[in-house]
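A.B. asks: I am sharing data-v6.cif, which consists of mmCIF, C-alpha atoms:
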```cif
data_query
loop_
_atom_site.group_PDB
_atom_site.id
_atom_site.type_symbol
_atom_site.label_atom_id
_atom_site.label_comp_id
_atom_site.auth_asym_id
_atom_site.auth_seq_id
_atom_site.Cartn_x
_atom_site.Cartn_y
_atom_site.Cartn_z
ATOM 1 C CA MET D 13 -93.939 121.482 -14.125
ATOM 2 C CA LYS D 14 -91.304 121.781 -16.814
ATOM 3 C CA MET D 15 -89.239 118.679 -17.596
ATOM 4 C CA ARG D 16 -86.101 118.779 -19.672
ATOM 5 C CA LEU D 17 -85.223 116.029 -22.136
ATOM 6 C CA VAL D 18 -81.938 114.523 -20.991
ATOM 7 C CA ALA D 19 -81.555 111.386 -23.102
ATOM 8 C CA GLN D 20 -83.261 108.695 -25.127
ATOM 9 C CA HIS D 21 -83.655 105.018 -24.296
ATOM 10 C CA ASP D 22 -85.352 102.461 -26.549
ATOM 11 C CA ASP D 23 -86.867 105.297 -28.620
ATOM 12 C CA GLU D 24 -88.349 106.926 -25.512
ATOM 13 C CA GLU D 25 -87.517 110.413 -24.323
ATOM 14 C CA LEU D 26 -86.062 110.365 -20.829
ATOM 15 C CA VAL D 27 -86.439 113.132 -18.262
ATOM 16 C CA GLN D 28 -84.365 113.611 -15.156
ATOM 17 C CA LEU D 29 -85.964 112.771 -11.812
ATOM 18 C CA ALA D 30 -84.365 113.934 -8.578
ATOM 19 C CA THR D 31 -85.634 112.611 -5.276
ATOM 20 C CA ARG D 32 -84.444 112.137 -1.725
ATOM 21 C CA ILE D 33 -84.616 108.684 -0.172
ATOM 22 C CA PRO D 34 -83.531 107.388 3.222
ATOM 23 C CA ARG D 35 -79.856 106.442 3.447
ATOM 24 C CA ASP D 36 -80.736 102.830 4.331
ATOM 25 C CA VAL D 37 -82.913 102.476 1.222
ATOM 26 C CA ALA D 38 -80.119 103.906 -0.949
ATOM 27 C CA ARG D 39 -77.627 101.467 0.586
ATOM 28 C CA ARG D 40 -79.929 98.482 -0.040
ATOM 29 C CA LEU D 41 -80.566 99.673 -3.596
ATOM 30 C CA LYS D 42 -76.842 99.892 -4.271
ATOM 31 C CA GLU D 43 -76.210 96.425 -2.773
ATOM 32 C CA ILE D 44 -78.889 94.843 -4.954
ATOM 33 C CA CYS D 45 -77.594 96.566 -8.079
ATOM 34 C CA VAL D 46 -74.022 95.463 -7.393
ATOM 35 C CA ARG D 47 -75.163 91.868 -6.880
ATOM 36 C CA LYS D 48 -77.214 91.924 -10.088
ATOM 37 C CA ASP D 49 -74.561 93.878 -12.012
ATOM 38 C CA MET D 50 -77.207 96.472 -12.877
ATOM 39 C CA ARG D 51 -77.148 100.253 -12.965
ATOM 40 C CA MET D 52 -79.250 101.905 -10.274
ATOM 41 C CA GLN D 53 -80.938 104.001 -12.946
ATOM 42 C CA SER D 54 -82.081 100.856 -14.765
ATOM 43 C CA PHE D 55 -83.288 99.209 -11.560
ATOM 44 C CA VAL D 56 -85.302 102.254 -10.478
ATOM 45 C CA ARG D 57 -86.770 102.736 -13.968
ATOM 46 C CA ARG D 58 -87.884 99.095 -14.102
ATOM 47 C CA ALA D 59 -89.296 99.215 -10.553
ATOM 48 C CA LEU D 60 -91.336 102.334 -11.331
ATOM 49 C CA VAL D 61 -92.747 100.830 -14.528
ATOM 50 C CA GLU D 62 -93.749 97.648 -12.666
ATOM 51 C CA LYS D 63 -95.315 99.575 -9.755
ATOM 52 C CA LEU D 64 -97.280 101.852 -12.064
ATOM 53 C CA ALA D 65 -98.567 98.896 -14.089
ATOM 54 C CA HIS D 66 -99.635 97.138 -10.886
ATOM 55 C CA SER D 67 -101.405 100.276 -9.631
ATOM 56 C CA ARG D 68 -103.279 100.627 -12.914
ATOM 57 C CA ARG D 69 -104.455 96.983 -12.789
ATOM 58 C CA SER D 70 -105.569 97.397 -9.169
ATOM 59 C CA ALA D 71 -107.544 100.531 -10.002
ATOM 60 C CA ARG D 72 -109.316 98.770 -12.875
ATOM 61 C CA ARG D 73 -110.263 95.833 -10.624
ATOM 62 C CA GLN D 74 -111.686 98.183 -7.997
ATOM 63 C CA ARG D 75 -113.771 100.074 -10.565
ATOM 64 C CA SER D 76 -115.187 96.840 -12.002
ATOM 65 C CA ARG D 77 -116.291 95.709 -8.531
ATOM 66 C CA GLY D 78 -117.842 98.983 -7.500
#
```
Spell out the structure here as structure tokens.

C.D. replies:
Amino acid sequence: MKMRLVAQHDDEELVQLATRIPRDVARRLKEICVRKDMRMQSFVRRALVEKLAHSRRSARRQRSRG
């Protein structure tokens, strides 16, 4: 998969991600971002980072038990 550099943020290269989500999820995302005065891009980026970090910790715990 080829990804194109589209910008930089905090000295990190950013790539563009396009995805389709249910209309209801998009509406809720927009409502939350308006309430928090936050760009949707920032919210999604932060949510992905948090989810990936959580997944990594969970995988480590499972390996240490097994």

A.B. asks: State, in Å with one decimal place, the distance from atom CA of Gln53 of chain D to atom CA of Val27 of chain D.

C.D. replies: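 Interatomic distance, atom CA of Gln53 of chain D to atom CA of Val27 of chain D: 11.9 Å.
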
A.B. asks: Enter the distance from atom CA of Arg35 of chain D to atom CA of Arg47 of chain D, in Å, rounded to one decimal.

C.D. replies: 18.5 Å

A.B. asks: Just checking: using only C-alpha atoms, which residue out of D:Ala71, D:Leu26, D:Val56, D:Val61 ends up closest to Ile44 of chain D?

C.D. replies: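 Comparing D:Ala71, D:Leu26, D:Val56, D:Val61 against Ile44 of chain D, the winner is D:Val56.
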
A.B. asks: So what do you get for atom CA of Ala59 of chain D versus atom CA of Thr31 of chain D, distance-wise?

C.D. replies: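 Pair atom CA of Ala59 of chain D / atom CA of Thr31 of chain D returns 14.9 Å.
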
A.B. asks: With N, CA and C atoms as the goal, would you fill in the gaps in segment 47-59 of chain D and present it as a compact mmCIF listing (two decimals), keeping the file's coordinate frame?

C.D. replies:
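Result file is out_21.txt:
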```txt
# COMPACT_ATOMS: atom_id res chain seq x y z
N ARG D 47 -74.99 93.32 -6.77
CA ARG D 47 -75.16 91.87 -6.88
C ARG D 47 -75.69 91.46 -8.25
N LYS D 48 -76.59 92.25 -8.80
CA LYS D 48 -77.21 91.92 -10.09
C LYS D 48 -76.44 92.51 -11.27
N ASP D 49 -75.35 93.21 -10.98
CA ASP D 49 -74.56 93.88 -12.01
C ASP D 49 -75.47 94.75 -12.88
N MET D 50 -76.21 95.63 -12.21
CA MET D 50 -77.21 96.47 -12.88
C MET D 50 -77.02 97.92 -12.43
N ARG D 51 -77.21 98.84 -13.33
CA ARG D 51 -77.15 100.25 -12.96
C ARG D 51 -78.36 100.62 -12.12
N MET D 52 -78.13 101.48 -11.13
CA MET D 52 -79.25 101.90 -10.27
C MET D 52 -80.35 102.57 -11.10
N GLN D 53 -79.96 103.33 -12.08
CA GLN D 53 -80.94 104.00 -12.95
C GLN D 53 -81.86 102.97 -13.61
N SER D 54 -81.29 101.90 -14.11
CA SER D 54 -82.08 100.86 -14.76
C SER D 54 -83.00 100.16 -13.77
N PHE D 55 -82.49 99.87 -12.59
CA PHE D 55 -83.29 99.21 -11.56
C PHE D 55 -84.48 100.07 -11.17
N VAL D 56 -84.23 101.35 -10.90
CA VAL D 56 -85.30 102.25 -10.48
C VAL D 56 -86.32 102.43 -11.60
N ARG D 57 -85.85 102.58 -12.83
CA ARG D 57 -86.77 102.74 -13.97
C ARG D 57 -87.69 101.52 -14.08
N ARG D 58 -87.10 100.33 -14.00
CA ARG D 58 -87.88 99.10 -14.10
C ARG D 58 -88.88 98.97 -12.93
N ALA D 59 -88.43 99.30 -11.73
CA ALA D 59 -89.30 99.22 -10.55
C ALA D 59 -90.48 100.17 -10.67
```
